[in-house]
Amino acid sequence: MRGNGLKLIVFILAGLLYSGAAWAEKAKTVEVWKNLFTLTHGEGIDSNTTFLITKEGVIVIDTRVTPAEARKVKEEVRKQTQLPILYTINTHYHGDHSFGNQVFKDSHTIIAHENVRKALEYEAGKEHLDFFKTLKIPGIEETVVTPPNMVFKEKMHIWAGEYHLELIHMPGHTDGDLFIYIEALKTIIAGDLIFNGKIPYMGDAYVDDWIKALDYIGDLDAEIYIPGHGAPGGKPVLIAMRHYLIDLRRRVKVQIEKGSSLKETQDVIRPIFQEKFKNWKKLEWLDSNIERAYMEYNIK
């Protein structure tokens, strides 16, 4: 999302994003690599949280959808180490990645792109939380919007113990996306720039920017990709996400060139994608994805 231009779209389409949330699916922790762990699922939305254990302390990436879920992250960290939490990072502003921030205030450093703070502070943050409260997510009433207190524009470097993390701003899913590159582990922590096995939410998205972000990520020397939703995996996880967006762009542009209406475009593309991506979750989001792309490219 650039500026506030698409705020309305976020709330119009948000019901599509969260209507099928797995409210009671048990959280599980996966050891992705030595010292690197990812929590998936949980009570609320199926967003991922990743934490890295260094010799100096722990770095937590994304804080889940409620303080209760965030406390589960702390419990998982404490199963592995008693070292302090050094930094907490939000990959973007969406509540399923940031509404646990208050639990990590004692780390004193919550980092994100500057657009994440803009999206979470003042009235914008209150509106975002108010919407989440309508979803009746267990524990959401306890949430206090807690914006990041350290922000950057383009790139930020963190050295912690034996690891060097590069935080790189690449808009696509939102205007405040960052991904984290840990060269020593050949790992990308992508946030919602990558969904694995799931149709992506695109209410804040610009397709061209998103593809550029994935092209940039694809040029880095990495073997492990941790998505914002879905299981970590190898480079095919990145390729599948990129392919989905490129195919969506191509097919929508063809229909626009033919003079097709939005509905006609959806009716043509939807069945093709339902078959092509039949093993992915959230096929019901296809129409909103097609609409997002149609709005981007139908310039008159």
# chains A, B, ... in the order shown; residues from 1 in each chain; ligands from 1

$ select_by_dssp --residues "region 31-213 of chain A" --states "strand (DSSP E)" --output "PyMOL selection string"
chain A and resi 31-33+36-42+49-53+58-61+85-89+110-113+150-152+155-160+163-169+178-182+187-195

$ residues_around --residues "Asp209 (chain A)" --least-positions-apart "2" --cutoff "10 Å" --atoms "only C-alpha atoms" --output "list in words"
Met170, Pro171, Gly172, His173, Thr174, Asp175, Ala205, Tyr206, Val207, Ile211, Lys212, Ala213, Leu214 and Asp215 of chain A

$ write_last_selection --atoms "N, CA and C atoms" --output "mmCIF file, in the first residue's frame"
data_model
loop_
_atom_site.group_PDB
_atom_site.id
_atom_site.type_symbol
_atom_site.label_atom_id
_atom_site.label_comp_id
_atom_site.auth_asym_id
_atom_site.auth_seq_id
_atom_site.Cartn_x
_atom_site.Cartn_y
_atom_site.Cartn_z
ATOM 1 N N MET A 170 11.491 -4.073 0.955
ATOM 2 C CA MET A 170 11.045 -4.345 -0.415
ATOM 3 C C MET A 170 9.521 -4.382 -0.393
ATOM 4 N N PRO A 171 8.845 -3.302 -0.796
ATOM 5 C CA PRO A 171 7.376 -3.310 -0.784
ATOM 6 C C PRO A 171 6.814 -4.299 -1.782
ATOM 7 N N GLY A 172 5.600 -4.726 -1.526
ATOM 8 C CA GLY A 172 4.937 -5.670 -2.422
ATOM 9 C C GLY A 172 3.618 -6.103 -1.825
ATOM 10 N N HIS A 173 3.694 -6.852 -0.753
ATOM 11 C CA HIS A 173 2.497 -7.270 -0.016
ATOM 12 C C HIS A 173 1.868 -6.061 0.694
ATOM 13 N N THR A 174 2.707 -5.215 1.277
ATOM 14 C CA THR A 174 2.314 -3.910 1.812
ATOM 15 C C THR A 174 3.412 -2.922 1.433
ATOM 16 N N ASP A 175 3.240 -1.644 1.826
ATOM 17 C CA ASP A 175 4.299 -0.672 1.529
ATOM 18 C C ASP A 175 5.404 -0.689 2.574
ATOM 19 N N ALA A 205 -1.645 -4.775 -1.738
ATOM 20 C CA ALA A 205 -0.527 -5.138 -2.613
ATOM 21 C C ALA A 205 -0.465 -4.331 -3.906
ATOM 22 N N TYR A 206 0.743 -4.253 -4.433
ATOM 23 C CA TYR A 206 0.994 -3.866 -5.817
ATOM 24 C C TYR A 206 1.777 -5.008 -6.448
ATOM 25 N N VAL A 207 1.214 -5.567 -7.509
ATOM 26 C CA VAL A 207 1.755 -6.795 -8.079
ATOM 27 C C VAL A 207 3.158 -6.583 -8.628
ATOM 28 N N ILE A 211 6.546 -8.620 -7.392
ATOM 29 C CA ILE A 211 7.395 -9.435 -8.267
ATOM 30 C C ILE A 211 8.840 -8.944 -8.218
ATOM 31 N N LYS A 212 9.036 -7.617 -8.217
ATOM 32 C CA LYS A 212 10.389 -7.067 -8.109
ATOM 33 C C LYS A 212 11.048 -7.512 -6.800
ATOM 34 N N ALA A 213 10.277 -7.523 -5.727
ATOM 35 C CA ALA A 213 10.823 -7.959 -4.439
ATOM 36 C C ALA A 213 11.279 -9.413 -4.505
ATOM 37 N N LEU A 214 10.459 -10.263 -5.112
ATOM 38 C CA LEU A 214 10.825 -11.678 -5.196
ATOM 39 C C LEU A 214 12.003 -11.900 -6.144
ATOM 40 N N ASP A 215 12.106 -11.079 -7.196
ATOM 41 C CA ASP A 215 13.275 -11.155 -8.072
ATOM 42 C C ASP A 215 14.545 -10.824 -7.287
#

$ residues_around --residues "region 246-257 of chain A" --least-positions-apart "5" --cutoff "10 Å" --atoms "only C-alpha atoms" --output "CSV table (one decimal) with N, CA and C atoms, in the first residue's frame"
chain,number,residue,atom,x,y,z
A,207,VAL,N,1.2,-5.6,-7.5
A,207,VAL,CA,1.8,-6.8,-8.1
A,207,VAL,C,3.2,-6.6,-8.6
A,208,ASP,N,3.4,-5.5,-9.4
A,208,ASP,CA,4.7,-5.3,-9.9
A,208,ASP,C,5.8,-5.1,-8.9
A,210,TRP,N,5.7,-6.4,-5.9
A,210,TRP,CA,5.8,-7.7,-5.3
A,210,TRP,C,6.7,-8.6,-6.1
A,211,ILE,N,6.5,-8.6,-7.4
A,211,ILE,CA,7.4,-9.4,-8.3
A,211,ILE,C,8.8,-8.9,-8.2
A,240,ALA,N,7.3,-20.7,-6.6
A,240,ALA,CA,5.9,-20.9,-6.7
A,240,ALA,C,5.2,-19.6,-6.4
A,241,MET,N,5.6,-18.8,-5.4
A,241,MET,CA,5.0,-17.5,-5.1
A,241,MET,C,5.2,-16.6,-6.3
A,262,LEU,N,-14.3,-6.3,-15.1
A,262,LEU,CA,-13.7,-7.0,-14.0
A,262,LEU,C,-14.3,-8.4,-13.8
A,264,GLU,N,-15.9,-10.2,-16.0
A,264,GLU,CA,-15.5,-11.1,-17.1
A,264,GLU,C,-14.1,-11.6,-16.9
A,265,THR,N,-13.2,-10.7,-16.4
A,265,THR,CA,-11.9,-11.1,-16.1
A,265,THR,C,-11.8,-12.2,-15.1
A,266,GLN,N,-12.6,-12.0,-14.0
A,266,GLN,CA,-12.6,-13.0,-12.9
A,266,GLN,C,-13.2,-14.3,-13.4
A,268,VAL,N,-13.0,-15.6,-16.3
A,268,VAL,CA,-12.1,-16.3,-17.2
A,268,VAL,C,-11.0,-16.9,-16.4
A,269,ILE,N,-10.4,-16.1,-15.5
A,269,ILE,CA,-9.2,-16.5,-14.8
A,269,ILE,C,-9.5,-17.5,-13.6
A,273,PHE,N,-7.2,-20.8,-12.5
A,273,PHE,CA,-6.4,-20.9,-11.2
A,273,PHE,C,-7.0,-21.9,-10.2
A,286,LEU,N,-9.3,-15.9,-4.7
A,286,LEU,CA,-8.9,-15.6,-6.0
A,286,LEU,C,-9.5,-14.4,-6.6
A,289,ASN,N,-7.9,-11.3,-5.5
A,289,ASN,CA,-6.6,-11.1,-6.1
A,289,ASN,C,-6.7,-10.6,-7.5
A,290,ILE,N,-7.6,-11.2,-8.3
A,290,ILE,CA,-7.8,-10.7,-9.6
A,290,ILE,C,-8.3,-9.3,-9.7
A,291,GLU,N,-9.1,-8.9,-8.7
A,291,GLU,CA,-9.6,-7.5,-8.7
A,291,GLU,C,-8.4,-6.6,-8.4
A,292,ARG,N,-7.5,-7.0,-7.4
A,292,ARG,CA,-6.4,-6.1,-7.1
A,292,ARG,C,-5.5,-5.9,-8.3
A,293,ALA,N,-5.2,-7.0,-9.0
A,293,ALA,CA,-4.4,-6.8,-10.2
A,293,ALA,C,-5.1,-6.0,-11.3
A,294,TYR,N,-6.4,-6.2,-11.5
A,294,TYR,CA,-7.2,-5.5,-12.5
A,294,TYR,C,-7.2,-4.0,-12.1
A,295,MET,N,-7.3,-3.6,-10.9
A,295,MET,CA,-7.2,-2.2,-10.5
A,295,MET,C,-5.8,-1.6,-10.8
A,296,GLU,N,-4.8,-2.4,-10.6
A,296,GLU,CA,-3.4,-1.9,-10.8
A,296,GLU,C,-3.1,-1.7,-12.3
A,297,TYR,N,-3.7,-2.5,-13.2
A,297,TYR,CA,-3.3,-2.5,-14.6
A,297,TYR,C,-4.3,-1.8,-15.5
A,298,ASN,N,-5.5,-1.6,-15.0
A,298,ASN,CA,-6.6,-1.0,-15.8
A,298,ASN,C,-6.5,0.5,-15.7
A,299,ILE,N,-5.5,1.0,-16.2
A,299,ILE,CA,-5.2,2.5,-16.2
A,299,ILE,C,-5.8,3.1,-17.5

$ residues_around --residues "Thr40 (chain A)" --least-positions-apart "3" --cutoff "8 Å" --atoms "only C-alpha atoms" --output "VMD selection string"
chain A and resid 27 to 30 46 to 49 229 to 231

$ write_last_selection --atoms "C-alpha atoms" --output "PDB file, in the first residue's frame"
ATOM      1  CA  ALA A  27       0.811 -24.281  17.347  1.00  0.00           C
ATOM      2  CA  LYS A  28       3.935 -26.206  16.518  1.00  0.00           C
ATOM      3  CA  THR A  29       7.603 -25.292  16.504  1.00  0.00           C
ATOM      4  CA  VAL A  30       9.929 -26.394  13.715  1.00  0.00           C
ATOM      5  CA  ASP A  46      -1.915 -19.082  10.832  1.00  0.00           C
ATOM      6  CA  SER A  47       0.954 -16.578  10.634  1.00  0.00           C
ATOM      7  CA  ASN A  48       4.515 -17.633  11.388  1.00  0.00           C
ATOM      8  CA  THR A  49       6.915 -16.416  14.056  1.00  0.00           C
ATOM      9  CA  HIS A 229       2.256 -18.317   6.181  1.00  0.00           C
ATOM     10  CA  GLY A 230       2.948 -21.981   5.560  1.00  0.00           C
ATOM     11  CA  ALA A 231       5.891 -24.272   6.111  1.00  0.00           C
TER      12      ALA A 231
END

$ residues_around --residues "Pro236 (chain A)" --least-positions-apart "6" --cutoff "12 Å" --atoms "only C-alpha atoms" --output "list in words"
Ile194, Phe195, Asn196, Gly197, Gly218, Ala222, Glu223, Ile224, Tyr225, Ile226, Pro227, Arg242 and His243 of chain A

$ closest_residue --among "A:Gly100, A:Asp177, A:His113, A:Gln274" --to "Thr146 (chain A)" --atoms "only C-alpha atoms"
A:Gly100

$ select_by_dssp --residues "region 23-177 of chain A" --states "alpha helix (DSSP H)" --output "PyMOL selection string"
chain A and resi 67-80+95-98+114-120+122-133

$ closest_residue --among "A:Lys136, A:Val77, A:Asn90, A:Ile182" --to "Trp159 (chain A)" --atoms "only C-alpha atoms"
A:Ile182
